[in-house]
Amino acid sequence: MKISILLFTILSCFDLNAQYSGYYTINANINKNINVNGSVSEYKTIKTIDYGALEIANAQNELNRLENLKYRDLRLKEIAIEISNNPLKAYEYGTLQSISSNTWDRNLLKDVRKKYGIKEFRIDYVVPNPQIFNVVSIHRLQSVSIEGINTDIIFYLPNYNSDNKEINSAQKEYEEVIVGKETEAIDDQNNSIKIFIHMKDLNRSTIYGFKGYKMTIAWEDAFEKGITDNYTFIDNNSGNGLSYFIKVRHYGDKDTIDFEKIEGRRYYLQPLIDKIISTAKAYVKY
């Protein structure tokens with residue numbers, strides 16, 4: 001009987017992993033020491049990712065998409081072609097956007113102050129040219145590739161530590177993510193879902209002009225595959241501490257999109273995204 005139970009358990013685990021992508025594999029000999037001045041990663045790929053080839057392919061796809069659009073004048077088309085060859089050009093041809101408490105409804109501000117512990121706020125950031133990113137809402141930008149890969153940049157309000165509790169560091173958050181396991185997560189509608197973690201990575205990154213961290217997670221749920229970059233910075237010099245957070249998510253339908261395509265799109269847009277996040281400014285009164 002014990003043998004049968006053990007066999008069932010092994011088969012169950014095998015079936016669980018079999019339903020997910022095999023693009024990433026876990027490196028069993030992981031160095032657990034995290035160098036806060038550098039980076040640490042916990043993954044390897046089955047095959048070497050040729051980022052150069054993926055970038056060229058994404059640039060060509062973007063060029064094809066933009067060339068098929070109709071333009072009011074030749075200059076707009078020239079700008080579109082510039083952006084397809086170098087996404088950073090979308091920043092140069094972008095516009096300034098602000099998220100400010102001065103324009104928010106009074107009742108909504110009460111909820112914000114209770115949830116985030118801040119009285120006044122303003123976030124300024126550059127919205128890249130609409131040839132590549134669209135404004136979905138005042139705090140969310142989205143780009144959709146010709147292959148159907150969505151890229152969201154989501155700006156969250158700064159969070160003041162009103163209760164003076166210990167704030168988890170980026171390193172601690174990273175250590176709590178378990179690769180190769182199914183875990184609970186919360187979706188955009190605040191529903192609990194199960195996701196499988198394929199890979200995690202932690203690097204230094206600039207957010208709102210401050211030196212923070214970027215934690216990367218490759219994940220998969222019942223419907224989508226995705227790679228999420230969480231940009232964080234904790235300001236311990238402001239009262240009990242202020243936490244800043246920006247999420248970037250690249251994802252698509254798991255039936256039509258694989259991780260190699262997502263990696264390629266992410267690599268293609270990364271310089272532009274990093275510039276948007278690093279040059280954004282946040283002003284807070286708590």
# chains A, B, ... in the order shown; residues from 1 in each chain; ligands from 1
$ select_by_dssp --residues "region 101-262 of chain A" --states "helix (DSSP H, G or I)" --output "VMD selection string"
chain A and resid 101 to 103 106 to 116 170 to 176 259 to 262
$ write_last_selection --atoms "C-alpha atoms" --output "PDB file, in the first residue's frame"
ATOM      1  CA  SER A 101      -3.753  64.062  -5.946  1.00  0.00           C
ATOM      2  CA  ASN A 102      -4.823  67.577  -6.982  1.00  0.00           C
ATOM      3  CA  THR A 103      -7.058  66.112  -9.684  1.00  0.00           C
ATOM      4  CA  ARG A 106     -12.078  63.880  -2.461  1.00  0.00           C
ATOM      5  CA  ASN A 107     -13.765  60.607  -1.463  1.00  0.00           C
ATOM      6  CA  LEU A 108     -11.264  58.618  -3.494  1.00  0.00           C
ATOM      7  CA  LEU A 109      -8.415  60.448  -1.780  1.00  0.00           C
ATOM      8  CA  LYS A 110      -9.770  59.366   1.607  1.00  0.00           C
ATOM      9  CA  ASP A 111      -9.456  55.738   0.541  1.00  0.00           C
ATOM     10  CA  VAL A 112      -5.966  56.381  -0.831  1.00  0.00           C
ATOM     11  CA  ARG A 113      -4.812  57.999   2.392  1.00  0.00           C
ATOM     12  CA  LYS A 114      -6.155  55.097   4.402  1.00  0.00           C
ATOM     13  CA  LYS A 115      -4.637  52.421   2.142  1.00  0.00           C
ATOM     14  CA  TYR A 116      -1.299  54.031   1.258  1.00  0.00           C
ATOM     15  CA  ALA A 170      13.959  43.060  -2.301  1.00  0.00           C
ATOM     16  CA  GLN A 171      16.360  40.285  -1.321  1.00  0.00           C
ATOM     17  CA  LYS A 172      13.847  38.798   1.120  1.00  0.00           C
ATOM     18  CA  GLU A 173      11.029  38.998  -1.419  1.00  0.00           C
ATOM     19  CA  TYR A 174      13.307  37.256  -3.903  1.00  0.00           C
ATOM     20  CA  GLU A 175      14.175  34.456  -1.488  1.00  0.00           C
ATOM     21  CA  GLU A 176      10.485  33.787  -0.815  1.00  0.00           C
ATOM     22  CA  PHE A 259       8.616  32.048 -23.708  1.00  0.00           C
ATOM     23  CA  GLU A 260      11.167  32.636 -26.449  1.00  0.00           C
ATOM     24  CA  LYS A 261       8.817  35.128 -28.109  1.00  0.00           C
ATOM     25  CA  ILE A 262       8.144  36.808 -24.766  1.00  0.00           C
TER      26      ILE A 262
END
$ residues_around --residues "Leu88 (chain A)" --least-positions-apart "5" --cutoff "12 Å" --atoms "only C-alpha atoms" --output "ChimeraX atom specification"
/A:79-80,82-83,93-94,126-129,132-133,268-276
$ select_by_dssp --residues "region 184-275 of chain A" --states "strand (DSSP E)" --output "number ranges by chain"
A: 184-186, 192-207, 210-220, 224-235, 242-253
$ atom_distance --atom1 "CA of Tyr91 (chain A)" --atom2 "CA of Arg140 (chain A)"
15.9 Å
$ residues_around --residues "Asn240 (chain A)" --least-positions-apart "4" --cutoff "12 Å" --atoms "only C-alpha atoms" --output "PyMOL selection string"
chain A and resi 117+159-167+234-236+286
$ residues_around --residues "Leu157 (chain A)" --least-positions-apart "6" --cutoff "10 Å" --atoms "only C-alpha atoms" --output "compact mmCIF listing (two decimals) with C-alpha atoms, in the first residue's frame"
# COMPACT_ATOMS: atom_id res chain seq x y z
CA ILE A 99 -0.74 61.32 -11.66
CA VAL A 112 -5.97 56.38 -0.83
CA TYR A 116 -1.30 54.03 1.26
CA ILE A 118 -0.03 59.41 1.97
CA PHE A 121 1.27 62.83 -4.28
CA ARG A 122 2.35 63.47 -7.82
CA ILE A 123 4.02 61.07 -10.23
CA HIS A 139 -1.40 54.71 -14.34
CA SER A 243 7.98 52.04 -0.68
CA TYR A 244 7.94 52.70 -4.43
CA PHE A 245 6.74 50.07 -6.87
CA ILE A 246 6.32 49.81 -10.65
CA ALA A 282 7.56 60.89 -7.53
CA VAL A 284 4.95 62.48 -1.77
$ atom_distance --atom1 "CA of Lys77 (chain A)" --atom2 "CA of Gln131 (chain A)"
9.7 Å
$ closest_residue --among "A:Tyr251, A:Trp219, A:Tyr125, A:Phe196" --to "Tyr283 (chain A)" --atoms "only C-alpha atoms"
A:Tyr125
$ atom_distance --atom1 "CA of Asp229 (chain A)" --atom2 "CA of Lys119 (chain A)"
27.9 Å
